[in-house]
Amino acid sequence: MAFFKSNFWGEKNVGFDVLYHNMKHGQLATKELAEFVRERAAIEETYSKSMSKLAKMASNGSSLGTFAPMWDVFRVSSDKLALCHLELMRKMNSLINDITKYGDEQIKTHRKTKEEVVGTLEAVQTLQVQSGQLQKSRENYHGKCVDADRLRREGAPQKELEKAEAKSKKAAESFSSCVEKYNRVGGDFEQKMNESAQKFQELEEAHLRQMKQLIKAYSHSIEDTHVQVGQVHEEFKQNVENIGIENLIKKFAEQKGTGVDRPAPVGFEEYSSSHVPEGKKSRSKAFRIPGLGKRDKEPDSTDTAVTEAPNSPQVDDEGFVIRADANQNDILLCAAMGGSVSMVAGAIMGKKAVRPH
């Protein structure tokens, strides 16, 4: 439908100017679209960096406790989201290049169109000039006619009336010439305006188709990213679901376990001397009274050795006579009577603190 052909005429013939500037406005729209996409790319870049920072935070999560493996799920998910938005940023930058390329082509197209419609511009200017002249010629003609009618009604002299009628006739001829010229210029303008309006509409249709293609690429890029983000979220949800509580407990036990050997039951063992290693058997020391021991009082070398009689009492290494009839009663009796230390000791050891002569 030739909308431009039908709706840009008017009394002042400014339709061409409106259509021409609308074409120039297309360049502005292209620049603004590029700026918008550039801002969106910056937002995606910032979001990607933020998600990378979040992934690093997850990787630094505590490795202690049964929850520790879950941080890997957060890290992987955050890394993937960062990559999704980084990829969208790259697509936005690529789209900006396409928009810029289109903007350069658009400038060339507009320059070519301007050259092609310059005739219409001249026709518009000519028509506007001729329209002004036509208006003046019409006003002059009507003025002369009014003067002639006034003189005629007033009964002015014939000579003066003839003179006024001559001026009116001359003004009519001038006005007729202006009308003819205006119509000729108007016809030329109409033809060129139709051509230019058609050209402007085709140009605008191509511009809008291209802009819609760019917007579609923008939309598809975002849609693809949203699909990827949805997949990442679904994967995150599935990973959380797959890592059950039992798995977390099991993994912690396998990694941090301290062994599977439990303490065996221990039974009571009776003491046996055979269990004591050789050379380590304990030996009780004999009770000895200081000063009375063999080592404390050695006999002189000039003393005659004592010959043990067949029926003499048994003597120990320290020179005490062993009495076989010593018993516990002797010990108690001796202690009760306030016996000396030597007497008590002798009673305990069953000895008599008397050296044989």
# chains A, B, ... in the order shown; residues from 1 in each chain; ligands from 1
>>> residues_around(residues="Glu160 in chain A", least_positions_apart="3", cutoff="12 Å", atoms="only C-alpha atoms", output="list in words")
Asp147, Ala148, Asp149, Arg150, Leu151, Arg152, Glu154, Gly155, Ala156, Pro157, Lys163, Ala164, Glu165, Ala166 and Lys167 of chain A
>>> residues_around(residues="Cys178 in chain A", least_positions_apart="5", cutoff="12 Å", atoms="only C-alpha atoms", output="number ranges by chain")
A: 127, 129-141, 171-173, 183-186
>>> residues_around(residues="Ala197 in chain A", least_positions_apart="3", cutoff="10 Å", atoms="only C-alpha atoms", output="list in words")
Ala2, Phe3, Phe4, Lys5, Ser6, Asn7, Phe8, Gly15, Phe16, Leu19, Tyr20, Val117, Thr120, Gln191, Lys192, Met193, Asn194, Phe200, Gln201, Glu202 and Leu203 of chain A
>>> closest_residue(among="A:Thr46, A:Gln128, A:Ser177, A:Gln27", to="Phe189 in chain A", atoms="only C-alpha atoms")
A:Gln128
>>> atom_distance(atom1="CA of Leu95 in chain A", atom2="CA of Gly230 in chain A")
23.0 Å
>>> closest_residue(among="A:Leu28, A:Val146, A:Ala58, A:Leu81", to="His233 in chain A", atoms="only C-alpha atoms")
A:Leu81
>>> atom_distance(atom1="CA of Asp188 in chain A", atom2="CA of Glu115 in chain A")
17.6 Å
>>> closest_atom_pairs(of="range 66-151 of chain A", to="range 255-276 of chain A", cutoff="12 Å", atoms="only C-alpha atoms", output="Markdown table")
| residue | atom | partner | partner_atom | distance |
| --- | --- | --- | --- | --- |
| A:Thr66 | CA | A:Lys256 | CA | 9.9 |
| A:Ala68 | CA | A:Gln255 | CA | 11.6 |
| A:Pro69 | CA | A:Gln255 | CA | 11.4 |
